[in-house]
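A.B. asks: Dropping in upload.csv, with CSV, C-alpha atoms.
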```csv
chain,number,residue,atom,x,y,z
G,1,MET,CA,-19.1,9.3,-40.7
G,2,PRO,CA,-16.8,11.2,-38.3
G,3,HIS,CA,-14.6,13.8,-39.8
G,4,PRO,CA,-10.9,12.6,-39.8
G,5,LEU,CA,-8.4,14.5,-37.7
G,6,PRO,CA,-6.4,17.1,-39.5
G,7,THR,CA,-2.8,16.1,-40.1
G,8,PRO,CA,-1.2,18.2,-37.3
G,9,ARG,CA,-3.7,16.8,-34.8
G,10,ARG,CA,-3.1,13.2,-36.0
G,11,ARG,CA,0.7,13.7,-35.6
G,12,LEU,CA,0.2,15.1,-32.1
G,13,ALA,CA,-2.1,12.1,-31.1
G,14,VAL,CA,0.5,9.6,-32.4
G,15,PHE,CA,3.3,11.4,-30.6
G,16,ALA,CA,1.3,11.5,-27.3
G,17,ALA,CA,0.4,7.8,-27.6
G,18,GLY,CA,4.1,7.0,-28.2
G,19,LEU,CA,5.2,9.1,-25.3
G,20,VAL,CA,2.7,7.3,-23.0
G,21,ILE,CA,4.1,3.9,-24.1
G,22,VAL,CA,7.8,5.0,-23.6
G,23,VAL,CA,7.3,6.7,-20.3
G,24,GLY,CA,4.7,4.3,-18.9
G,25,ALA,CA,6.6,1.1,-19.8
G,26,PRO,CA,8.9,1.1,-16.7
G,27,ALA,CA,5.9,1.8,-14.4
G,28,ALA,CA,3.8,-0.9,-16.0
G,29,TYR,CA,6.6,-3.5,-15.7
G,30,ALA,CA,7.3,-2.5,-12.1
G,31,ALA,CA,3.6,-2.7,-11.2
G,32,LEU,CA,3.2,-6.2,-12.7
G,33,GLY,CA,6.5,-7.4,-11.2
G,34,ASP,CA,7.6,-8.6,-14.7
G,35,GLU,CA,11.2,-9.8,-14.3
G,36,THR,CA,11.5,-10.1,-18.1
G,37,ALA,CA,11.1,-6.4,-18.7
G,38,PRO,CA,13.4,-5.1,-21.4
G,39,GLU,CA,16.5,-3.3,-20.1
G,40,SER,CA,15.4,-0.1,-21.6
G,41,ALA,CA,12.3,-0.2,-19.4
G,42,VAL,CA,14.2,-0.9,-16.2
G,43,PRO,CA,15.3,2.0,-13.9
G,44,ALA,CA,19.0,2.4,-13.3
G,45,ALA,CA,18.5,1.7,-9.5
G,46,ARG,CA,16.8,-1.6,-10.0
G,47,GLY,CA,19.6,-3.6,-8.5
G,48,ARG,CA,20.2,-1.2,-5.6
G,49,GLY,CA,19.3,-2.4,-2.1
G,50,ALA,CA,18.3,-5.7,-0.5
G,51,ALA,CA,15.2,-7.7,-1.1
G,52,TYR,CA,12.5,-6.7,1.3
G,53,LEU,CA,8.8,-6.9,1.8
G,54,GLU,CA,6.7,-3.9,2.4
G,55,THR,CA,3.5,-4.6,4.4
G,56,ARG,CA,0.9,-1.9,4.7
G,57,LEU,CA,-1.9,-2.2,7.2
G,58,PHE,CA,-5.0,0.0,7.1
G,59,PHE,CA,-6.8,0.7,10.4
G,60,GLY,CA,-10.2,2.3,10.5
G,61,THR,CA,-11.1,4.5,13.4
G,62,GLU,CA,-15.0,4.4,13.5
G,63,ARG,CA,-16.5,1.6,15.6
G,64,PRO,CA,-19.3,-0.4,14.0
G,65,ASP,CA,-20.8,-0.8,17.5
G,66,GLY,CA,-21.4,2.9,17.6
G,67,GLY,CA,-18.7,3.6,20.2
G,68,PRO,CA,-16.4,6.6,20.1
G,69,ASP,CA,-13.8,6.8,17.3
G,70,VAL,CA,-10.3,5.6,18.0
G,71,THR,CA,-8.2,8.6,19.0
G,72,ASP,CA,-4.6,9.4,18.0
G,73,ARG,CA,-3.6,8.7,21.6
G,74,GLN,CA,-5.3,5.3,21.6
G,75,PHE,CA,-3.8,4.4,18.2
G,76,MET,CA,-0.3,5.4,19.2
G,77,ALA,CA,-0.7,3.5,22.5
G,78,PHE,CA,-1.7,0.5,20.4
G,79,VAL,CA,1.4,0.9,18.2
G,80,ASP,CA,3.6,1.1,21.3
G,81,LYS,CA,2.1,-2.0,22.8
G,82,GLU,CA,1.5,-4.3,19.7
G,83,VAL,CA,3.7,-3.1,16.9
G,84,THR,CA,6.9,-1.6,18.2
G,85,PRO,CA,8.0,-4.7,20.2
G,86,ARG,CA,7.6,-6.8,17.0
G,87,PHE,CA,9.2,-4.2,14.7
G,88,PRO,CA,11.7,-2.3,16.8
G,89,GLY,CA,13.8,-1.4,13.8
G,90,GLY,CA,11.3,1.1,12.6
G,91,LEU,CA,7.9,1.8,11.0
G,92,THR,CA,5.9,4.6,9.5
G,93,VAL,CA,2.4,5.7,10.5
G,94,GLN,CA,0.4,8.0,8.1
G,95,ASP,CA,-3.0,9.6,8.6
G,96,GLY,CA,-5.5,8.8,6.0
G,97,ARG,CA,-9.1,8.9,4.8
G,98,GLY,CA,-10.6,5.6,3.9
G,99,GLN,CA,-13.6,4.2,2.2
G,100,TRP,CA,-14.9,0.6,2.1
G,101,ARG,CA,-18.1,-1.4,2.0
G,102,ASP,CA,-19.0,-3.0,5.3
G,103,ARG,CA,-20.7,-6.4,5.9
G,104,SER,CA,-24.1,-5.0,5.5
G,105,GLY,CA,-23.2,-3.4,2.2
G,106,THR,CA,-23.0,0.2,3.4
G,107,ILE,CA,-20.2,2.3,2.1
G,108,GLU,CA,-18.3,3.7,5.1
G,109,ARG,CA,-16.0,6.7,5.0
G,110,GLU,CA,-13.7,7.3,7.9
G,111,ARG,CA,-10.5,8.7,9.2
G,112,SER,CA,-7.8,5.9,9.2
G,113,TYR,CA,-4.2,5.1,9.8
G,114,GLU,CA,-1.8,3.4,7.4
G,115,LEU,CA,1.1,1.5,9.0
G,116,ILE,CA,4.1,0.7,6.8
G,117,LEU,CA,6.5,-2.0,7.8
G,118,LEU,CA,9.7,-3.0,5.9
G,119,TYR,CA,11.5,-6.2,6.7
G,120,PRO,CA,13.9,-8.5,4.8
G,121,ALA,CA,12.2,-10.9,2.5
G,122,SER,CA,14.2,-13.7,4.0
G,123,GLU,CA,12.3,-13.1,7.3
G,124,ALA,CA,8.8,-13.2,5.9
G,125,LYS,CA,7.9,-16.5,7.6
G,126,VAL,CA,8.9,-15.0,11.0
G,127,HIS,CA,7.1,-11.7,10.5
G,128,ASP,CA,3.8,-13.0,9.0
G,129,PRO,CA,2.4,-14.4,12.3
G,130,TRP,CA,3.4,-11.2,14.1
G,131,ILE,CA,1.5,-9.1,11.5
G,132,GLU,CA,-1.5,-11.3,11.8
G,133,ARG,CA,-1.4,-10.9,15.6
G,134,ILE,CA,-1.3,-7.1,15.2
G,135,ARG,CA,-4.4,-7.2,12.9
G,136,ARG,CA,-6.3,-9.5,15.3
G,137,ALA,CA,-5.4,-7.3,18.3
G,138,TYR,CA,-6.7,-4.1,16.7
G,139,ARG,CA,-9.9,-5.8,15.6
G,140,THR,CA,-10.5,-7.0,19.1
G,141,ALA,CA,-9.4,-3.9,20.9
G,142,PHE,CA,-11.4,-1.5,18.8
G,143,ALA,CA,-14.4,-3.6,17.6
G,144,GLN,CA,-13.3,-3.5,14.0
G,145,GLU,CA,-14.6,-5.8,11.2
G,146,SER,CA,-11.3,-5.9,9.5
G,147,VAL,CA,-7.8,-4.5,9.1
G,148,ALA,CA,-6.7,-4.5,5.5
G,149,ARG,CA,-3.2,-5.8,4.6
G,150,LEU,CA,-1.1,-5.2,1.5
G,151,ASP,CA,2.2,-7.0,0.9
G,152,GLU,CA,4.6,-5.9,-1.9
G,153,PRO,CA,8.1,-7.1,-2.7
G,154,THR,CA,10.6,-4.2,-2.9
G,155,ARG,CA,14.2,-3.3,-2.7
G,156,VAL,CA,15.5,-1.2,0.2
G,157,ASP,CA,18.8,0.6,0.7
G,158,PHE,CA,19.3,2.4,4.0
```
Kindly return the structure encoded in the file as structure tokens.
C.D. replies:
Amino acid sequence: MPHPLPTPRRRLAVFAAGLVIVVGAPAAYAALGDETAPESAVPAARGRGAAYLETRLFFGTERPDGGPDVTDRQFMAFVDKEVTPRFPGGLTVQDGRGQWRDRSGTIERERSYELILLYPASEAKVHDPWIERIRRAYRTAFAQESVARLDEPTRVDF
């Protein structure tokens, strides 16, 4: 039978667990999108800003056909041609390192780009086909199996 924790350790463990619950609650509600979160768990800035969607696209740079990796210059030319005309209000590009499993089951690790787009939630139906055209254009231009897409509702205040 395991030896019970001494009283000071037990108190510390209970305190730590309580702290995790109190501090982690706002993040958990935000991550789950639970609109019924108790007011004590809601950040003060919750109502600030307008309803927007944040779309993140993840672009790999290695070519499955064995061709040369996509360069910074090629990627930025792609952004200028395919993305900026559809999202002239702004965007963010970040460098990354990605990992995923390809169609053959091989785990691939590669340099990547993350493109972040913000747009009013009310314009989602207009922007959705544009985003799909961007994904398709990249797959075609650089012989990629896929371009990952992540959509999240958010609030934005400029």
A.B. asks: Report as a list in words all protein, DNA and RNA residues lying within 9 Å of Pro120 (chain G), evaluated on all atoms listed in the file, omitting residues in the same chain fewer than 4 positions from it.
C.D. replies: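 Listed by chain and then number, they are Ala50, Ala51, Tyr52, Leu53, Glu54, Ala124 and Val156 of chain G.
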A.B. asks: From the options G:Pro64, G:Pro85, G:Pro153, G:Gly47, which residue's atoms come nearest to Ser122 (chain G), counting all atoms listed in the file?
C.D. replies: G:Pro153
A.B. asks: Compile the contact shell of region 71-75 of chain G as a PyMOL selection string: residues with an atom at most 10 Å away, counting only C-alpha atoms, same-chain residues fewer than 5 positions apart removed.
C.D. replies: chain G and resi 59+61-62+80-81+93+95+112-113+138+142
A.B. asks: Mind pulling up the distance from CA of Tyr119 (chain G) to CA of Arg155 (chain G)?
C.D. replies: 10.2 Å
A.B. asks: Could you please determine the separation between CA of Glu110 (chain G) and CA of Pro68 (chain G) in Å, to one decimal place?
C.D. replies: 12.5 Å
A.B. asks: Around all the atoms of region 135-151 of chain G listed in the file, draw an axis-aligned box and extend it by 8 Å on each of the six sides; I want its centre and edge lengths in Å to one decimal, as lines of an AutoDock Vina configuration file.
C.D. replies:
```
center_x = -6.2
center_y = -5.5
center_z = 10.9
size_x = 32.8
size_y = 24.0
size_z = 36.0
```
A.B. asks: As an exercise, work out the distance from CA of Val79 (chain G) to CA of Gln144 (chain G) in Å and give it to one decimal place.
C.D. replies: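 These two atoms are separated by 15.9 Å.
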A.B. asks: Taking (-17.7, 7.7, 6.0) in the file's coordinates, which residues come within 10 Å, counting all atoms listed in the file, written as an MDAnalysis selection string?
C.D. replies: chainID G and resid 62 97:101 106:111
A.B. asks: With all atoms listed in the file as the basis for distance, which of G:Glu123, G:Gly67, G:Leu115, G:Pro129 is at the shortest distance from Leu91 (chain G)?
C.D. replies: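 Checking each of G:Glu123, G:Gly67, G:Leu115, G:Pro129 against Leu91 (chain G), counting all atoms listed in the file, the winner is G:Leu115.
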A.B. asks: Out of G:Asp157, G:Glu82, G:Glu152, G:Glu145, which residue has the shortest atom-to-atom distance to Asp65 (chain G) when counting only C-alpha atoms?
C.D. replies: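 Distance minimum relative to Asp65 (chain G) lands on G:Glu145.
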A.B. asks: Counting only C-alpha atoms, figure out which residue out of G:Ser104, G:Ala143, G:Leu118, G:Gln94 gets nearest to Gly66 (chain G).
C.D. replies: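 Smallest separation from Gly66 (chain G) among the options: G:Ala143.
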A.B. asks: Give the answer as one residue: which of G:Val126, G:Phe158, G:Asp102, G:Gly89 has the shortest atom-to-atom distance to Ser146 (chain G), using only C-alpha atoms?
C.D. replies: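 Of all the options, G:Asp102 lies closest to Ser146 (chain G).
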A.B. asks: Determine the nearest neighbour of Ala141 (chain G) from the options G:Val70, G:Met76, G:Leu57, G:Val83, counting all atoms listed in the file.
C.D. replies: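 Of all the options, G:Val70 lies closest to Ala141 (chain G).
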